[in-house]
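See below for run-v6.txt, which holds compact mmCIF, C-alpha atoms.
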# COMPACT_ATOMS: atom_id res chain seq x y z
CA MET A 766 128.04 -80.13 -17.17
CA LYS A 767 124.35 -80.53 -17.92
CA PHE A 768 122.96 -83.90 -16.89
CA THR A 769 119.77 -85.87 -16.37
CA LYS A 770 119.26 -88.20 -13.41
CA MET A 771 117.30 -91.28 -14.51
CA HIS A 772 116.53 -94.73 -13.14
CA GLY A 773 115.28 -98.10 -14.27
CA ILE A 774 113.42 -99.64 -11.29
CA GLY A 775 115.79 -97.93 -8.90
CA ASN A 776 119.05 -98.59 -10.78
CA ASP A 777 120.01 -94.91 -11.08
CA TYR A 778 122.62 -93.23 -13.25
CA VAL A 779 123.67 -89.74 -14.23
CA TYR A 780 123.13 -89.36 -18.00
CA VAL A 781 125.00 -86.86 -20.13
CA ASN A 782 123.98 -85.87 -23.66
CA CYS A 783 127.31 -86.05 -25.48
CA PHE A 784 125.65 -84.87 -28.67
CA GLU A 785 126.00 -81.50 -26.90
CA GLU A 786 128.45 -82.01 -24.00
CA THR A 787 132.06 -83.20 -23.84
CA VAL A 788 133.25 -85.22 -20.84
CA LYS A 789 137.07 -85.30 -20.78
CA ASN A 790 137.67 -87.70 -17.90
CA PRO A 791 134.69 -90.06 -17.53
CA PRO A 792 136.18 -92.27 -14.76
CA ALA A 793 136.87 -89.26 -12.51
CA VAL A 794 133.49 -87.71 -13.32
CA ALA A 795 131.74 -91.02 -12.61
CA LYS A 796 133.30 -91.29 -9.16
CA PHE A 797 132.45 -87.69 -8.32
CA VAL A 798 128.84 -87.56 -9.52
CA SER A 799 128.03 -90.98 -8.02
CA ASP A 800 128.87 -89.83 -4.50
CA ARG A 801 125.58 -89.45 -2.62
CA HIS A 802 126.97 -86.87 -0.18
CA PHE A 803 129.26 -84.65 -2.24
CA GLY A 804 127.99 -85.36 -5.76
CA ILE A 805 124.60 -86.12 -7.28
CA GLY A 806 124.20 -89.71 -6.10
CA SER A 807 123.96 -92.62 -8.53
CA ASP A 808 125.17 -96.10 -9.41
CA GLY A 809 127.39 -94.57 -12.07
CA LEU A 810 127.65 -92.39 -15.17
CA ILE A 811 126.25 -93.07 -18.65
CA LEU A 812 127.30 -91.02 -21.68
CA ILE A 813 124.91 -90.84 -24.66
CA LYS A 814 127.06 -90.27 -27.74
CA PRO A 815 126.67 -90.04 -31.53
CA SER A 816 127.35 -93.26 -33.44
CA ASP A 817 128.16 -94.13 -37.04
CA ILE A 818 126.68 -97.63 -36.69
CA ALA A 819 123.57 -97.07 -34.53
CA ASP A 820 121.12 -94.37 -33.51
CA CYS A 821 123.39 -93.57 -30.57
CA GLU A 822 126.21 -95.01 -28.47
CA MET A 823 126.15 -95.68 -24.74
CA ASP A 824 129.28 -95.56 -22.56
CA MET A 825 128.71 -96.77 -18.99
CA TYR A 826 130.94 -96.22 -15.95
CA ASN A 827 130.47 -97.72 -12.49
CA LEU A 828 130.62 -95.60 -9.35
CA ASP A 829 134.24 -96.65 -8.78
CA GLY A 830 135.20 -95.26 -12.21
CA SER A 831 135.58 -98.64 -13.92
CA GLN A 832 133.94 -99.03 -17.30
CA GLY A 833 131.15 -101.55 -17.84
CA ALA A 834 130.35 -103.27 -21.11
CA MET A 835 126.57 -103.21 -20.80
CA CYS A 836 123.77 -102.09 -18.47
CA GLY A 837 120.25 -103.41 -19.01
CA ASN A 838 118.44 -100.82 -16.90
CA GLY A 839 120.71 -98.10 -18.24
CA ILE A 840 120.03 -98.85 -21.88
CA ARG A 841 116.27 -98.54 -21.33
CA CYS A 842 116.88 -95.06 -19.90
CA VAL A 843 119.08 -94.20 -22.88
CA ALA A 844 116.19 -95.16 -25.16
CA LYS A 845 113.80 -92.97 -23.17
CA TYR A 846 116.26 -90.07 -23.21
CA VAL A 847 116.88 -90.03 -26.96
CA TYR A 848 113.13 -90.11 -27.65
CA ASP A 849 111.83 -87.83 -24.90
CA TYR A 850 114.57 -85.23 -25.48
CA GLY A 851 114.13 -85.19 -29.25
CA ILE A 852 117.31 -86.87 -30.48
CA THR A 853 115.13 -89.33 -32.42
CA ASN A 854 111.45 -89.72 -33.20
CA LYS A 855 111.70 -93.44 -33.91
CA THR A 856 110.08 -96.03 -31.63
CA SER A 857 112.43 -98.80 -32.75
CA ILE A 858 116.06 -97.84 -32.22
CA SER A 859 119.56 -99.25 -32.04
CA VAL A 860 122.16 -98.47 -29.38
CA ALA A 861 125.86 -99.28 -29.71
CA THR A 862 127.44 -100.66 -26.52
CA LYS A 863 130.77 -102.22 -25.60
CA SER A 864 129.05 -105.60 -25.91
CA GLY A 865 127.60 -104.93 -29.37
CA ILE A 866 124.59 -103.21 -30.90
CA LYS A 867 121.31 -103.67 -29.02
CA TYR A 868 117.86 -103.18 -30.54
CA LEU A 869 115.01 -101.66 -28.56
CA ASP A 870 111.26 -101.13 -29.02
CA LEU A 871 109.72 -98.15 -27.23
CA ALA A 872 106.17 -97.95 -25.87
CA VAL A 873 105.07 -94.29 -25.89
CA LYS A 874 102.29 -92.79 -23.77
CA ASP A 875 101.32 -89.09 -23.89
CA GLY A 876 104.43 -88.34 -25.93
CA LYS A 877 106.85 -89.94 -23.46
CA VAL A 878 108.43 -93.39 -23.34
CA SER A 879 106.83 -95.52 -20.61
CA MET A 880 108.18 -99.02 -21.26
CA VAL A 881 111.10 -100.38 -23.26
CA LYS A 882 111.66 -103.86 -24.67
CA VAL A 883 115.31 -104.67 -25.26
CA ASN A 884 116.76 -107.43 -27.38
CA MET A 885 119.61 -108.28 -25.03
CA GLY A 886 121.21 -110.74 -27.44
CA THR A 887 122.39 -114.31 -27.03
CA PRO A 888 123.33 -115.53 -23.55
CA ILE A 889 126.95 -116.66 -23.33
CA LEU A 890 127.37 -119.96 -21.50
CA ASP A 891 130.91 -120.84 -22.60
CA ALA A 892 133.06 -120.64 -19.48
CA LYS A 893 136.07 -119.16 -21.26
CA GLN A 894 134.04 -116.37 -22.84
CA ILE A 895 132.23 -115.35 -19.62
CA PRO A 896 135.03 -115.66 -18.27
CA VAL A 897 135.12 -118.15 -15.41
CA VAL A 898 137.97 -120.54 -14.68
CA SER A 899 136.61 -124.08 -15.05
CA GLU A 900 137.56 -127.41 -16.61
CA ALA A 901 133.96 -127.72 -17.83
CA GLU A 902 132.74 -125.97 -20.98
CA GLN A 903 129.72 -124.64 -19.08
CA VAL A 904 129.30 -123.86 -15.40
CA ILE A 905 125.77 -124.91 -14.46
CA ASP A 906 124.92 -125.74 -10.83
CA ALA A 907 128.65 -126.18 -10.14
CA PRO A 908 130.13 -126.13 -6.62
CA LEU A 909 132.31 -123.18 -5.62
CA GLU A 910 133.82 -122.54 -2.22
CA VAL A 911 133.51 -118.90 -1.15
CA ASP A 912 134.59 -117.70 2.29
CA GLY A 913 134.69 -121.25 3.65
CA LYS A 914 131.23 -122.27 2.39
CA VAL A 915 130.31 -124.28 -0.71
CA TYR A 916 127.77 -122.65 -3.03
CA HIS A 917 126.39 -123.93 -6.33
CA ILE A 918 126.72 -121.38 -9.11
CA THR A 919 125.54 -121.04 -12.68
CA ALA A 920 127.67 -118.71 -14.80
CA VAL A 921 126.13 -116.65 -17.62
CA SER A 922 127.28 -113.59 -19.52
CA MET A 923 124.84 -111.07 -20.97
CA GLY A 924 127.63 -108.70 -21.94
CA ASN A 925 128.74 -108.73 -18.29
CA PRO A 926 129.77 -111.85 -16.34
CA HIS A 927 127.22 -113.13 -13.81
CA ALA A 928 127.27 -115.85 -11.16
CA ILE A 929 123.80 -116.98 -10.09
CA VAL A 930 123.36 -118.59 -6.66
CA TYR A 931 120.09 -120.07 -5.34
CA ILE A 932 119.38 -119.56 -1.66
CA GLU A 933 116.32 -119.71 0.61
CA ASP A 934 116.70 -116.45 2.54
CA VAL A 935 117.30 -113.62 0.07
CA ASP A 936 116.00 -110.90 2.38
CA GLY A 937 118.21 -111.88 5.32
CA LEU A 938 121.40 -112.26 3.28
CA ASP A 939 124.42 -110.25 4.48
CA ILE A 940 125.24 -109.21 0.92
CA GLU A 941 127.76 -106.55 2.01
CA LYS A 942 129.88 -109.35 3.47
CA ILE A 943 129.52 -112.11 0.90
CA GLY A 944 129.17 -109.97 -2.26
CA PRO A 945 132.81 -108.83 -2.44
CA LYS A 946 133.97 -112.42 -1.76
CA PHE A 947 132.23 -113.53 -4.97
CA GLU A 948 133.19 -110.43 -6.94
CA ASN A 949 136.91 -110.91 -6.31
CA ASN A 950 137.07 -114.72 -6.29
CA VAL A 951 140.03 -116.03 -8.29
CA VAL A 952 137.79 -118.08 -10.61
CA PHE A 953 136.46 -114.82 -12.09
CA PRO A 954 139.41 -113.12 -13.84
CA ASP A 955 137.36 -110.00 -14.73
CA ARG A 956 135.49 -110.01 -11.40
CA VAL A 957 131.79 -110.91 -11.45
CA ASN A 958 128.29 -109.68 -10.73
CA THR A 959 126.55 -112.05 -8.32
CA GLU A 960 122.81 -112.67 -8.15
CA PHE A 961 121.36 -114.33 -5.05
CA VAL A 962 118.05 -115.86 -6.06
CA LYS A 963 114.99 -117.46 -4.48
CA VAL A 964 112.52 -119.30 -6.71
CA LEU A 965 108.95 -118.26 -5.83
CA ASP A 966 107.04 -120.31 -8.42
CA LYS A 967 107.39 -121.66 -11.96
CA HIS A 968 107.22 -118.16 -13.46
CA THR A 969 108.65 -115.93 -10.72
CA VAL A 970 111.98 -115.46 -8.97
CA GLN A 971 113.28 -112.96 -6.41
CA MET A 972 116.84 -111.67 -6.54
CA ARG A 973 119.36 -109.36 -4.93
CA VAL A 974 122.47 -108.38 -6.81
CA TRP A 975 126.03 -107.44 -5.94
CA GLU A 976 127.50 -105.63 -8.95
CA ARG A 977 131.22 -105.51 -9.57
CA GLY A 978 132.44 -101.98 -9.10
CA SER A 979 129.16 -100.74 -7.62
CA GLY A 980 128.15 -103.03 -4.74
CA GLU A 981 124.48 -103.79 -4.09
CA THR A 982 122.09 -101.99 -6.42
CA LEU A 983 118.30 -101.90 -6.47
CA ALA A 984 118.23 -103.55 -9.88
CA CYS A 985 120.42 -105.04 -12.59
CA GLY A 986 119.01 -105.65 -16.06
CA THR A 987 121.74 -107.93 -17.39
CA GLY A 988 121.61 -109.74 -14.05
CA ALA A 989 117.87 -110.31 -14.33
CA CYS A 990 118.39 -111.72 -17.82
CA ALA A 991 121.16 -114.01 -16.58
CA VAL A 992 118.94 -115.16 -13.70
CA ALA A 993 116.08 -116.04 -16.07
CA VAL A 994 118.44 -118.03 -18.29
CA ALA A 995 120.01 -119.83 -15.32
CA SER A 996 116.61 -120.59 -13.80
CA ILE A 997 115.43 -122.17 -17.06
CA LEU A 998 118.66 -124.17 -17.44
CA ASN A 999 118.32 -125.48 -13.88
CA GLY A 1000 114.63 -126.36 -14.34
CA HIS A 1001 113.43 -123.92 -11.69
CA VAL A 1002 111.05 -122.02 -13.98
CA ASP A 1003 108.95 -122.70 -17.07
CA GLY A 1004 110.74 -121.18 -20.03
CA SER A 1005 107.67 -121.15 -22.31
CA ALA A 1006 106.50 -117.82 -20.84
CA PRO A 1007 108.25 -114.65 -19.63
CA VAL A 1008 109.91 -114.92 -16.22
CA THR A 1009 109.02 -112.23 -13.71
CA VAL A 1010 112.21 -111.22 -11.89
CA LYS A 1011 111.48 -109.35 -8.67
CA LEU A 1012 114.28 -106.96 -7.67
CA LEU A 1013 114.52 -104.50 -4.79
CA GLY A 1014 113.50 -101.65 -7.11
CA GLY A 1015 110.70 -103.40 -9.00
CA ASP A 1016 109.93 -106.14 -11.53
CA LEU A 1017 111.34 -106.99 -14.94
CA GLN A 1018 109.85 -109.36 -17.50
CA ILE A 1019 112.46 -111.60 -19.15
CA PHE A 1020 111.79 -113.98 -22.03
CA TRP A 1021 114.43 -116.31 -23.45
CA ASN A 1022 113.36 -117.24 -26.97
CA ARG A 1023 115.08 -120.60 -27.27
CA GLN A 1024 114.42 -120.86 -31.04
CA GLU A 1025 116.19 -117.59 -31.73
CA ASN A 1026 118.46 -118.00 -28.70
CA LEU A 1027 117.79 -114.36 -27.83
CA VAL A 1028 116.83 -112.83 -24.50
CA TYR A 1029 114.24 -110.04 -24.35
CA MET A 1030 113.88 -107.72 -21.34
CA THR A 1031 110.88 -105.45 -20.79
CA GLY A 1032 110.69 -102.79 -18.11
CA PRO A 1033 110.14 -99.10 -17.32
CA ALA A 1034 112.50 -96.12 -17.45
CA SER A 1035 112.05 -92.90 -15.49
CA VAL A 1036 113.45 -89.37 -15.41
CA VAL A 1037 114.16 -88.04 -11.91
CA PHE A 1038 115.42 -84.53 -12.70
CA ASP A 1039 117.61 -82.41 -14.96
CA GLY A 1040 120.41 -80.25 -13.65
CA GLU A 1041 123.89 -78.77 -14.00
CA ILE A 1042 126.98 -79.51 -11.94
CA ASP A 1043 130.29 -77.64 -11.66
CA LEU A 1044 133.22 -79.89 -12.60
CA SER A 1045 135.82 -77.14 -12.96
CA PHE A 1046 137.93 -78.53 -10.12
CA LEU A 1047 138.27 -81.78 -12.11
CA GLY A 1048 139.59 -79.82 -15.09
CA GLU A 1049 136.34 -80.29 -16.99

Translate this structure into structure tokens?
Amino acid sequence: MKFTKMHGIGNDYVYVNCFEETVKNPPAVAKFVSDRHFGIGSDGLILIKPSDIADCEMDMYNLDGSQGAMCGNGIRCVAKYVYDYGITNKTSISVATKSGIKYLDLAVKDGKVSMVKVNMGTPILDAKQIPVVSEAEQVIDAPLEVDGKVYHITAVSMGNPHAIVYIEDVDGLDIEKIGPKFENNVVFPDRVNTEFVKVLDKHTVQMRVWERGSGETLACGTGACAVAVASILNGHVDGSAPVTVKLLGGDLQIFWNRQENLVYMTGPASVVFDGEIDLSFLGE
């Protein structure tokens, strides 16, 4: 199987051009290639496929083999791939995902995509749609007991469910311990991605993320979008300008256009290397 290793501010995936390749068992392949000792090493697998309704389709699998509906950092890399590798010559493209069609604008420098702006769509705040079990229609700064401690969460979906928690010590957080407790809490029927956030000023926040099915990652695009929305709803940041979200792997710029009720994410996408891997033992 030919592949390309790419990352969006450290959120790395193995990308496969399914215009040319066929992957018969994506969950098994995702688990194998994601292994950092015996495989390639990544946060998961993303398949770039032909589409009848968009310029291409993106299928995303977590490192545990589970399928994700959307990946903000991943979709920027998909946009870079289809342009840099000649699948399209357009600088405004559409990508079909499990959470709908997303529209992207590509900034090109020296013939290669350097930055991508993604229309991430409308944030979902309805508790039932996220989903999160609650008697309230929206879960904003609501108490939740996790592992014997009460946290205040704001729940937002950007194609994936997110729980945003504000804390003072992001760097010292034992995320390996508390992350799974949030991910598998009974109030989240589909599990949840959890962002632990510190507000730095009226335009800047810092976050670490525990992603369902992947654990801690260096960055999460949908998570950064959810954090910006939650921070505006809770009055922590000024929503009139883009919010800088600082992640372990780098910064993303997130703007929630309240008039359109659309969230826009801008950030880089990078190619690490191209290669081939033998999957014959998987039956591929």

Next on the checklist: Quick one: residues within 12 Å of A:Tyr778, all atoms listed in the file, excluding same-chain residues fewer than 2 positions away - as a count of residues only?
Outcome noted: 48

Item to check | Within 6 Å of file point (115.0, -113.4, -7.7), counting all atoms listed in the file, expressed as a ChimeraX atom specification | outcome: /A:962-963,970-972,1010-1011

Checklist entry - Could you work out how far atom CA of A:Lys914 lies from atom CA of A:Thr1009, giving the answer in Å with one decimal? => result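 Going from atom CA of A:Thr1009 over to atom CA of A:Lys914, I get 29.2 Å.
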
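Going from atom CA of A:Asn1026 to atom CA of A:Leu871 covers 21.7 Å.
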
Next on the checklist: My list of candidates is A:Gly1014, A:Val860, A:Glu900, A:Ile818. Which is closest to A:Asn884 when distances are computed with only C-alpha atoms?
Outcome noted: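 Once distances to A:Asn884 are computed over only C-alpha atoms, the minimum belongs to A:Val860.
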
Box for stretch 961-979 of chain A: with edges along x, y and z, all listed atoms inside and 3 Å added on each side, what are the centre and edge lengths in Å to one decimal, as lines of an AutoDock Vina configuration file?
center_x = 119.7
center_y = -111.2
center_z = -9.0
size_x = 31.4
size_y = 26.9
size_z = 15.0
